[in-house]
$ cat target_19.txt   # compact mmCIF, C-alpha atoms and all ligand atoms
# COMPACT_ATOMS: atom_id res chain seq x y z
CA MET K 1 0.00 0.00 0.00
CA LYS K 2 1.32 3.38 -0.98
CA ILE K 3 1.06 6.20 1.53
CA ALA K 4 1.98 9.75 0.50
CA ILE K 5 3.36 11.62 3.50
CA LEU K 6 2.94 15.40 3.15
CA PRO K 7 4.20 16.94 6.41
CA GLY K 8 3.95 20.61 5.33
CA ASP K 9 4.96 23.44 7.65
CA GLY K 10 5.27 24.43 11.31
CA ILE K 11 4.30 21.56 13.61
CA GLY K 12 3.15 19.52 10.58
CA PRO K 13 6.46 17.63 10.24
CA GLU K 14 6.73 17.10 14.03
CA VAL K 15 3.30 15.50 14.45
CA THR K 16 3.41 13.60 11.14
CA ALA K 17 6.72 11.97 12.11
CA GLN K 18 4.95 10.47 15.13
CA SER K 19 1.83 9.29 13.28
CA ALA K 20 3.94 7.73 10.52
CA ARG K 21 5.88 5.82 13.20
CA VAL K 22 2.67 4.64 14.81
CA LEU K 23 1.33 3.50 11.41
CA ARG K 24 4.49 1.50 10.74
CA ALA K 25 4.44 -0.02 14.19
CA VAL K 26 0.78 -1.05 14.10
CA VAL K 27 0.96 -2.90 10.79
CA GLY K 28 4.40 -4.41 11.49
CA ASN K 29 5.46 -6.85 8.80
CA ARG K 30 1.93 -7.92 7.94
CA VAL K 31 1.33 -5.18 5.38
CA ASP K 32 3.84 -3.77 2.91
CA LEU K 33 3.40 -0.03 3.59
CA ARG K 34 5.40 2.14 1.22
CA MET K 35 5.67 5.64 2.58
CA GLU K 36 7.04 8.41 0.42
CA GLU K 37 7.38 12.02 1.53
CA ALA K 38 6.89 15.21 -0.51
CA PRO K 39 6.76 18.95 0.27
CA ILE K 40 3.58 21.04 0.34
CA GLY K 41 2.71 24.54 1.54
CA GLN K 42 5.66 26.82 2.32
CA ALA K 43 7.86 23.73 2.12
CA GLY K 44 6.60 23.28 -1.48
CA VAL K 45 7.40 26.92 -2.29
CA ASP K 46 10.89 26.52 -0.80
CA ALA K 47 11.54 23.30 -2.71
CA ALA K 48 9.88 23.95 -6.07
CA GLY K 49 8.51 27.51 -6.12
CA VAL K 50 4.81 26.59 -5.64
CA PRO K 51 2.70 25.40 -2.67
CA LEU K 52 1.64 22.22 -4.50
CA PRO K 53 4.57 21.07 -6.67
CA GLY K 54 3.65 18.82 -9.62
CA ALA K 55 5.65 15.92 -8.14
CA THR K 56 3.74 16.20 -4.84
CA LEU K 57 0.38 16.11 -6.62
CA ALA K 58 1.51 13.13 -8.73
CA LEU K 59 2.64 11.25 -5.61
CA ALA K 60 -0.69 11.98 -3.90
CA GLN K 61 -2.71 10.89 -6.93
CA ALA K 62 -0.86 7.58 -7.18
CA ALA K 63 -1.18 6.81 -3.44
CA ASP K 64 -3.78 4.68 -1.65
CA ALA K 65 -3.97 7.31 1.07
CA ILE K 66 -2.37 10.60 2.05
CA LEU K 67 -1.13 11.54 5.51
CA PHE K 68 -1.04 15.32 5.68
CA GLY K 69 0.38 17.54 8.43
CA ALA K 70 -0.47 21.24 8.19
CA VAL K 71 0.47 24.22 6.06
CA GLY K 72 0.81 27.93 6.69
CA GLY K 73 3.12 30.56 8.04
CA PRO K 74 4.30 34.10 7.59
CA THR K 75 3.53 34.09 3.85
CA ASP K 76 -0.22 33.43 4.42
CA GLU K 77 -1.14 36.95 3.35
CA LEU K 78 1.01 37.28 0.23
CA PRO K 79 -0.81 39.37 -2.40
CA ASP K 80 -0.27 36.53 -4.91
CA ARG K 81 -2.77 33.97 -3.59
CA SER K 82 -1.29 31.20 -5.70
CA LYS K 83 1.92 31.44 -3.65
CA ARG K 84 0.19 31.25 -0.25
CA PRO K 85 0.91 27.96 1.54
CA GLY K 86 -2.79 27.25 2.20
CA SER K 87 -3.58 27.31 -1.51
CA GLY K 88 -1.58 24.07 -1.85
CA LEU K 89 -4.02 22.21 0.39
CA LEU K 90 -7.11 23.72 -1.25
CA LYS K 91 -5.76 22.73 -4.66
CA LEU K 92 -4.94 19.21 -3.49
CA ARG K 93 -8.46 18.68 -2.07
CA LYS K 94 -10.02 20.07 -5.24
CA SER K 95 -7.75 18.08 -7.61
CA LEU K 96 -8.74 14.84 -5.89
CA SER K 97 -12.43 15.87 -5.62
CA LEU K 98 -12.28 15.29 -1.87
CA PHE K 99 -15.71 16.66 -1.04
CA ALA K 100 -16.53 14.94 2.26
CA ASN K 101 -14.61 16.00 5.34
CA PHE K 102 -15.22 13.79 8.39
CA ARG K 103 -14.36 15.47 11.68
CA PRO K 104 -15.23 13.32 14.66
CA ALA K 105 -15.27 15.13 17.99
CA VAL K 106 -15.06 12.60 20.77
CA LEU K 107 -14.27 13.41 24.37
CA PHE K 108 -11.89 10.90 25.91
CA PRO K 109 -13.16 10.45 29.49
CA GLU K 110 -9.59 10.96 30.74
CA LEU K 111 -9.65 14.52 29.33
CA ILE K 112 -12.92 15.62 30.86
CA GLY K 113 -11.11 18.21 32.97
CA ALA K 114 -9.18 19.61 29.97
CA SER K 115 -12.26 21.16 28.36
CA THR K 116 -13.09 24.73 29.23
CA LEU K 117 -16.72 23.64 29.60
CA ARG K 118 -18.27 22.02 32.67
CA PRO K 119 -17.75 18.24 32.91
CA ASP K 120 -21.50 17.54 33.03
CA VAL K 121 -21.91 19.42 29.73
CA VAL K 122 -19.17 17.60 27.83
CA ALA K 123 -19.17 14.11 29.40
CA GLY K 124 -20.10 11.60 26.69
CA VAL K 125 -19.70 13.96 23.72
CA ASP K 126 -19.34 11.83 20.59
CA MET K 127 -20.30 13.54 17.36
CA LEU K 128 -19.24 13.60 13.76
CA ILE K 129 -19.13 16.88 11.89
CA LEU K 130 -19.37 16.24 8.17
CA ARG K 131 -18.22 19.28 6.24
CA GLU K 132 -18.67 19.74 2.47
CA LEU K 133 -15.26 20.62 1.13
CA ASN K 134 -15.44 21.50 -2.56
CA GLY K 135 -17.96 24.32 -2.80
CA ASP K 136 -19.36 27.35 -0.97
CA LEU K 137 -17.69 30.73 -0.42
CA TYR K 138 -14.21 29.22 -0.63
CA PHE K 139 -14.54 28.34 -4.30
CA GLY K 140 -17.53 30.31 -5.66
CA GLU K 141 -17.03 32.78 -8.50
CA PRO K 142 -17.01 35.73 -8.91
CA ARG K 143 -14.56 36.60 -6.17
CA GLY K 144 -12.02 39.31 -5.52
CA VAL K 145 -11.55 42.93 -4.58
CA HIS K 146 -12.31 45.57 -7.23
CA LEU K 147 -12.86 49.30 -7.46
CA GLU K 148 -16.38 50.73 -7.60
CA ASN K 149 -16.72 54.50 -7.78
CA GLY K 150 -13.20 54.82 -6.43
CA ARG K 151 -13.75 52.56 -3.37
CA ARG K 152 -12.59 49.01 -2.86
CA VAL K 153 -15.33 46.38 -2.79
CA GLY K 154 -14.76 42.74 -1.78
CA VAL K 155 -16.87 39.95 -3.27
CA ASN K 156 -17.15 36.23 -2.54
CA THR K 157 -19.90 33.98 -3.82
CA MET K 158 -21.76 31.36 -1.84
CA ARG K 159 -22.58 28.73 -4.42
CA TYR K 160 -23.88 25.16 -4.28
CA SER K 161 -25.48 23.09 -7.00
CA GLU K 162 -28.15 20.56 -6.07
CA ASP K 163 -25.95 17.59 -6.97
CA GLU K 164 -23.16 18.87 -4.69
CA VAL K 165 -25.61 19.12 -1.80
CA ALA K 166 -27.17 15.73 -2.56
CA ARG K 167 -23.85 13.87 -2.59
CA ILE K 168 -22.75 15.20 0.81
CA ALA K 169 -26.27 14.60 2.17
CA HIS K 170 -26.06 10.93 1.12
CA VAL K 171 -22.72 10.59 2.92
CA GLY K 172 -24.30 12.20 6.01
CA PHE K 173 -27.29 9.85 6.07
CA GLN K 174 -25.06 6.82 5.56
CA ALA K 175 -22.73 7.93 8.35
CA ALA K 176 -25.71 8.48 10.68
CA ARG K 177 -26.94 4.97 9.88
CA GLN K 178 -23.64 3.54 11.13
CA ARG K 179 -23.86 5.61 14.32
CA ARG K 180 -26.93 6.59 16.39
CA GLY K 181 -29.24 7.29 13.45
CA LYS K 182 -29.50 11.09 13.89
CA LEU K 183 -28.54 13.68 11.29
CA CYS K 184 -28.67 17.44 11.90
CA SER K 185 -28.30 19.59 8.80
CA VAL K 186 -26.96 23.08 9.53
CA ASP K 187 -27.71 25.98 7.17
CA LYS K 188 -28.85 29.59 7.09
CA ALA K 189 -31.97 29.04 5.01
CA ASN K 190 -33.79 31.97 6.60
CA VAL K 191 -31.43 34.47 4.98
CA LEU K 192 -29.49 32.84 2.14
CA GLU K 193 -31.06 31.41 -1.03
CA THR K 194 -28.15 28.99 -1.46
CA MET K 195 -28.88 27.63 2.00
CA GLN K 196 -32.62 27.30 1.22
CA LEU K 197 -31.59 25.09 -1.71
CA TRP K 198 -29.33 23.18 0.74
CA ARG K 199 -32.26 22.56 3.09
CA ASP K 200 -34.64 21.55 0.26
CA VAL K 201 -32.17 19.06 -1.22
CA VAL K 202 -31.24 17.51 2.15
CA THR K 203 -34.97 17.08 2.84
CA GLU K 204 -35.48 15.44 -0.57
CA VAL K 205 -32.59 13.03 -0.01
CA SER K 206 -33.95 12.15 3.45
CA ARG K 207 -36.84 10.25 1.80
CA GLU K 208 -34.33 7.54 0.91
CA TYR K 209 -33.33 7.19 4.57
CA PRO K 210 -36.54 6.81 6.60
CA ASP K 211 -34.55 5.11 9.36
CA VAL K 212 -32.48 8.27 10.01
CA ALA K 213 -34.02 11.09 12.09
CA LEU K 214 -33.30 14.37 10.26
CA THR K 215 -33.39 17.77 11.95
CA HIS K 216 -32.40 21.21 10.64
CA LEU K 217 -30.75 24.05 12.55
CA TYR K 218 -29.69 27.53 11.51
CA VAL K 219 -25.97 27.96 11.99
CA ASP K 220 -26.35 30.59 14.71
CA ALA K 221 -28.60 28.29 16.75
CA ALA K 222 -26.28 25.34 16.04
CA SER K 223 -23.25 27.20 17.37
CA MET K 224 -25.16 27.98 20.56
CA MET K 225 -26.36 24.38 20.94
CA LEU K 226 -22.85 23.02 20.42
CA ILE K 227 -21.74 24.83 23.55
CA ARG K 228 -24.98 24.56 25.56
CA ALA K 229 -25.99 20.94 24.99
CA PRO K 230 -23.45 19.20 22.73
CA LYS K 231 -24.52 15.66 23.61
CA GLN K 232 -27.66 16.01 21.50
CA PHE K 233 -25.60 15.78 18.30
CA ASP K 234 -24.79 12.56 16.48
CA VAL K 235 -23.90 13.59 12.89
CA ILE K 236 -23.92 17.22 11.74
CA VAL K 237 -23.80 17.83 7.99
CA THR K 238 -23.03 21.33 6.78
CA GLY K 239 -21.37 23.44 4.12
CA ASN K 240 -17.74 24.35 3.75
CA VAL K 241 -17.70 27.64 5.68
CA PHE K 242 -20.06 26.72 8.52
CA GLY K 243 -18.28 23.37 8.89
CA ASP K 244 -14.91 25.09 9.12
CA ILE K 245 -16.10 27.25 12.00
CA LEU K 246 -18.30 24.75 13.88
CA SER K 247 -15.65 22.04 13.87
CA ASP K 248 -13.11 24.32 15.58
CA ALA K 249 -15.75 25.09 18.22
CA ALA K 250 -16.42 21.36 18.62
CA ALA K 251 -12.68 20.88 19.11
CA MET K 252 -12.84 22.78 22.34
CA LEU K 253 -15.50 20.42 23.69
CA THR K 254 -12.87 17.70 23.55
CA GLY K 255 -10.22 19.70 25.39
CA SER K 256 -7.80 20.65 22.63
CA ILE K 257 -7.64 21.07 18.89
CA GLY K 258 -4.56 18.88 19.22
CA MET K 259 -6.85 15.87 19.76
CA LEU K 260 -9.03 16.17 16.65
CA PRO K 261 -8.41 14.01 13.57
CA SER K 262 -10.06 14.30 10.18
CA ALA K 263 -10.53 12.44 6.94
CA SER K 264 -11.34 13.94 3.56
CA LEU K 265 -12.86 11.46 1.17
CA GLY K 266 -13.99 11.58 -2.44
CA ILE K 267 -15.88 9.35 -4.82
CA GLY K 268 -16.99 6.25 -2.92
CA ALA K 269 -16.52 8.23 0.30
CA GLY K 270 -16.28 6.12 3.41
CA VAL K 271 -15.76 2.93 1.47
CA ALA K 272 -12.44 1.08 1.59
CA GLY K 273 -11.17 0.92 -2.01
CA ALA K 274 -12.67 4.31 -2.92
CA LYS K 275 -11.66 5.54 -6.35
CA VAL K 276 -9.50 8.41 -5.12
CA PRO K 277 -7.07 8.35 -2.19
CA GLY K 278 -8.40 9.69 1.10
CA LEU K 279 -6.59 12.56 2.79
CA TYR K 280 -6.01 12.23 6.52
CA GLU K 281 -5.00 15.22 8.59
CA PRO K 282 -5.30 16.77 12.02
CA VAL K 283 -7.90 19.54 12.23
CA HIS K 284 -5.31 21.97 13.60
CA GLY K 285 -3.02 24.18 11.56
CA SER K 286 0.75 24.65 11.51
CA ALA K 287 0.75 26.39 14.95
CA PRO K 288 3.80 28.59 14.30
CA ASP K 289 3.64 29.77 17.92
CA ILE K 290 4.80 26.36 19.17
CA ALA K 291 6.62 24.96 16.11
CA GLY K 292 10.09 23.42 16.49
CA ARG K 293 9.86 23.06 20.28
CA ASP K 294 8.74 19.44 20.59
CA ILE K 295 5.63 20.47 22.54
CA ALA K 296 2.84 19.97 19.96
CA ASN K 297 0.26 17.29 20.65
CA PRO K 298 0.69 14.56 18.00
CA LEU K 299 -2.52 12.68 18.92
CA ALA K 300 -4.75 14.40 16.33
CA SER K 301 -2.35 13.20 13.65
CA VAL K 302 -2.07 9.74 15.23
CA LEU K 303 -5.88 9.44 15.34
CA SER K 304 -5.99 10.60 11.70
CA ALA K 305 -3.72 7.66 10.86
CA ALA K 306 -6.25 5.39 12.59
CA MET K 307 -8.99 6.84 10.36
CA MET K 308 -6.79 6.08 7.35
CA LEU K 309 -6.49 2.43 8.36
CA ARG K 310 -10.26 2.19 8.72
CA HIS K 311 -11.50 4.20 5.73
CA SER K 312 -8.82 3.77 3.06
CA LEU K 313 -6.72 0.72 3.88
CA GLY K 314 -9.44 -1.68 5.04
CA LEU K 315 -7.63 -2.39 8.33
CA PRO K 316 -10.24 -1.63 11.03
CA GLU K 317 -8.59 -3.85 13.68
CA GLU K 318 -5.37 -1.87 13.42
CA ALA K 319 -7.38 1.38 13.60
CA LEU K 320 -8.95 0.20 16.83
CA ARG K 321 -5.56 -0.76 18.23
CA ILE K 322 -4.28 2.78 17.71
CA GLU K 323 -7.39 4.26 19.31
CA ARG K 324 -7.06 1.93 22.30
CA ALA K 325 -3.37 2.77 22.62
CA VAL K 326 -4.20 6.51 22.70
CA ARG K 327 -6.74 5.89 25.45
CA ALA K 328 -4.20 3.85 27.36
CA VAL K 329 -1.53 6.56 27.30
CA LEU K 330 -4.08 9.13 28.44
CA ALA K 331 -5.25 6.79 31.20
CA ASN K 332 -1.60 6.42 32.24
CA GLY K 333 -1.41 10.18 32.67
CA TYR K 334 0.70 11.20 29.65
CA ARG K 335 -0.16 14.75 28.55
CA THR K 336 1.32 17.25 26.14
CA ALA K 337 1.22 20.91 27.25
CA ASP K 338 -2.16 21.69 25.61
CA ILE K 339 -4.00 19.08 27.73
CA HIS K 340 -1.74 19.09 30.77
CA GLN K 341 -3.26 19.39 34.23
CA ALA K 342 -1.82 19.12 37.72
CA GLY K 343 -1.11 15.51 38.64
CA THR K 344 -0.48 14.32 35.09
CA ARG K 345 2.84 13.71 33.37
CA LEU K 346 3.97 16.44 30.97
CA VAL K 347 5.60 14.97 27.84
CA GLY K 348 6.82 16.33 24.52
CA THR K 349 5.72 15.42 21.00
CA ALA K 350 8.23 12.60 20.48
CA GLU K 351 7.74 11.16 23.95
CA MET K 352 3.99 11.03 23.38
CA GLY K 353 4.69 9.17 20.11
CA ASP K 354 6.95 6.73 22.00
CA ALA K 355 4.23 6.12 24.57
CA VAL K 356 1.62 5.34 21.88
CA VAL K 357 3.98 2.96 20.07
CA LYS K 358 4.69 1.13 23.35
CA ALA K 359 0.99 0.98 24.25
CA LEU K 360 0.19 -0.71 20.90
CA ASP K 361 1.64 -3.94 22.27
CA PHE K 362 -1.05 -4.08 24.91
CA ALA K 363 -3.89 -2.66 22.85
CA THR K 364 -4.95 -5.85 21.12
P1 LIG H 1 -3.65 26.49 14.57
O1 LIG H 1 -4.58 25.33 14.60
O2 LIG H 1 -2.38 26.29 13.89
O3 LIG H 1 -3.38 26.96 16.08
C1 LIG H 1 -4.39 27.44 16.94
C2 LIG H 1 -3.93 27.33 18.39
O4 LIG H 1 -3.95 25.95 18.77
C3 LIG H 1 -2.49 27.80 18.59
O5 LIG H 1 -2.39 28.40 19.86
C4 LIG H 1 -1.68 26.53 18.57
O6 LIG H 1 -0.48 26.58 19.32
C5 LIG H 1 -2.65 25.51 19.15
N1 LIG H 1 -2.44 24.18 18.58
C6 LIG H 1 -2.75 23.80 17.32
N2 LIG H 1 -2.40 22.52 17.13
C7 LIG H 1 -1.86 22.09 18.28
C8 LIG H 1 -1.30 20.85 18.69
N3 LIG H 1 -1.21 19.79 17.88
N4 LIG H 1 -0.82 20.76 19.95
C9 LIG H 1 -0.89 21.81 20.79
N5 LIG H 1 -1.43 23.00 20.46
C10 LIG H 1 -1.90 23.15 19.21
O7 LIG H 1 -4.46 27.69 13.91
P2 LIG H 1 -3.98 29.21 13.62
O8 LIG H 1 -3.07 29.70 14.69
O9 LIG H 1 -5.23 29.93 13.30
O10 LIG H 1 -3.18 29.11 12.25
C11 LIG H 1 -1.77 28.92 12.21
C12 LIG H 1 -1.38 28.61 10.78
O11 LIG H 1 -1.95 27.36 10.38
C13 LIG H 1 -1.86 29.65 9.77
O12 LIG H 1 -0.85 29.79 8.82
C14 LIG H 1 -3.11 29.01 9.16
O13 LIG H 1 -3.35 29.45 7.86
C15 LIG H 1 -2.70 27.56 9.17
N6 LIG H 1 -3.81 26.57 9.18
C16 LIG H 1 -3.60 25.46 8.43
C17 LIG H 1 -4.54 24.45 8.44
C18 LIG H 1 -4.26 23.21 7.64
O14 LIG H 1 -3.15 23.05 7.15
N7 LIG H 1 -5.20 22.30 7.51
C19 LIG H 1 -5.69 24.56 9.23
C20 LIG H 1 -5.84 25.71 10.02
C21 LIG H 1 -4.89 26.72 9.99

$ encode --input "target_19.txt" --output "structure tokens"
Amino acid sequence: MKIAILPGDGIGPEVTAQSARVLRAVVGNRVDLRMEEAPIGQAGVDAAGVPLPGATLALAQAADAILFGAVGGPTDELPDRSKRPGSGLLKLRKSLSLFANFRPAVLFPELIGASTLRPDVVAGVDMLILRELNGDLYFGEPRGVHLENGRRVGVNTMRYSEDEVARIAHVGFQAARQRRGKLCSVDKANVLETMQLWRDVVTEVSREYPDVALTHLYVDAASMMLIRAPKQFDVIVTGNVFGDILSDAAAMLTGSIGMLPSASLGIGAGVAGAKVPGLYEPVHGSAPDIAGRDIANPLASVLSAAMMLRHSLGLPEEALRIERAVRAVLANGYRTADIHQAGTRLVGTAEMGDAVVKALDFAT
């Protein structure tokens, strides 16, 4: 199996080094994993002049799955958008038609005190935020800043076609079926025509899934509910922009953004043997404020590797072993700085990786 490793920038290489180790360790000699690394983001610009070098895209396209770190840094705001590190990731997702972004937010019981919310509010949180990834304001045309009567005017376009909404809705209903059978669609249908279309299409698709209980929430109400009563959510399906924002909020329910994995899947989403490689990445960014200091939490990346084993490589037992090993190290008190509390053992990025690798032996 071919895995493209794209560490990127900032803490990306630090956390990806640990998840790649864990992947190797969990499959051992049973599976021939061929990992090949390539630059993306600022690292792509430094190596080949662009955030997504042709060789990196070719490696990703030929892989069975992609393990991605994070991109971004001081050149985020360059006037030439095509040179910004983040454009490399957007282009990669778009080139592979990765339209379904799975962001599970699960609170490990051991981290109940790490959340900024009250334990009784967050205990038992286990939700999946499914974010559409190929449309919406991030890709809609026209876009840009132009002059109108001598003043600058900025324009972005919220755009979804009915087939784009239907395909993510199907993924949402199927995911809900494999969980607790509840799907909440989040939109802003009261104000935005695009979001009224979203709601209409999700409702139409729901007729094919009578066994799934569908509800709708406006995004403002959903953001309030996420903080007030998060346990009510099973699967949330939403557009690119709302999903981007809500999933960071959901991260804080679990204690730290350093704990949240994600998977971006394309045609055949969620099915092992899908026609395009899945992209697996932590939800967090390149965290320049802590980069190069061996203090980043690698567990979001490690848990992303577990998702890869389950969704792209058809190795669910190995996925479970990683997840059990993560629980074991947390239960044994290992904590990186972002989740550290009095009475637990403060460890660095590499030491946390060591602990997970060791715990794999017992997590059968
Ligand atoms: P960020 O996620 O990088 O960091 C937000 C905060 O969380 C920071 O205080 C950071 O130190 C902390 N944090 C993040 N990951 C952590 C981890 N694993 N362990 C411990 N603490 C962690 O978001 P930001 O600060 O808004 O953005 C920083 C850069 O990352 C920017 O260049 C941005 O464009 C980029 N970014 C990239 C991605 C991606 O590659 N998918 C996603 C978001 C942001």

$ closest_residue --input "target_19.txt" --among "K:Gly181, K:Gly348, K:Pro230, K:Gly285" --to "K:Val121" --atoms "all atoms listed in the file"
K:Pro230

$ closest_residue --input "target_19.txt" --among "K:Asp163, K:Arg179, K:Arg131, K:Asp120" --to "K:Val202" --atoms "all atoms listed in the file"
K:Asp163

$ residues_near_ligand --input "target_19.txt" --ligand "ligand LIG 1 (chain H)" --cutoff "6 Å" --atoms "all atoms listed in the file" --output "list in words"
Ala70, Val71, Gly72, Gly73, Asp76, Ile257, Gly258, His284, Gly285, Ser286, Ala287, Pro288, Asp289, Ile290, Ala296, Asn297, Pro298 and Asp338 of chain K

$ residues_around --input "target_19.txt" --residues "K:Ala123" --least-positions-apart "3" --cutoff "8 Å" --atoms "only C-alpha atoms" --output "NGL selection string"
:K and (107 or 109 or 112 or 119-120)

$ closest_residue --input "target_19.txt" --among "K:Arg228, K:Lys83, K:Arg93, K:Arg152" --to "K:Phe68" --atoms "only C-alpha atoms"
K:Arg93

$ atom_distance --input "target_19.txt" --atom1 "atom CA of K:Ala251" --atom2 "atom CA of K:Val283"
8.5 Å

$ closest_residue --input "target_19.txt" --among "K:Met225, K:Cys184, K:Leu78, K:Ala65" --to "K:Met307" --atoms "only C-alpha atoms"
K:Ala65
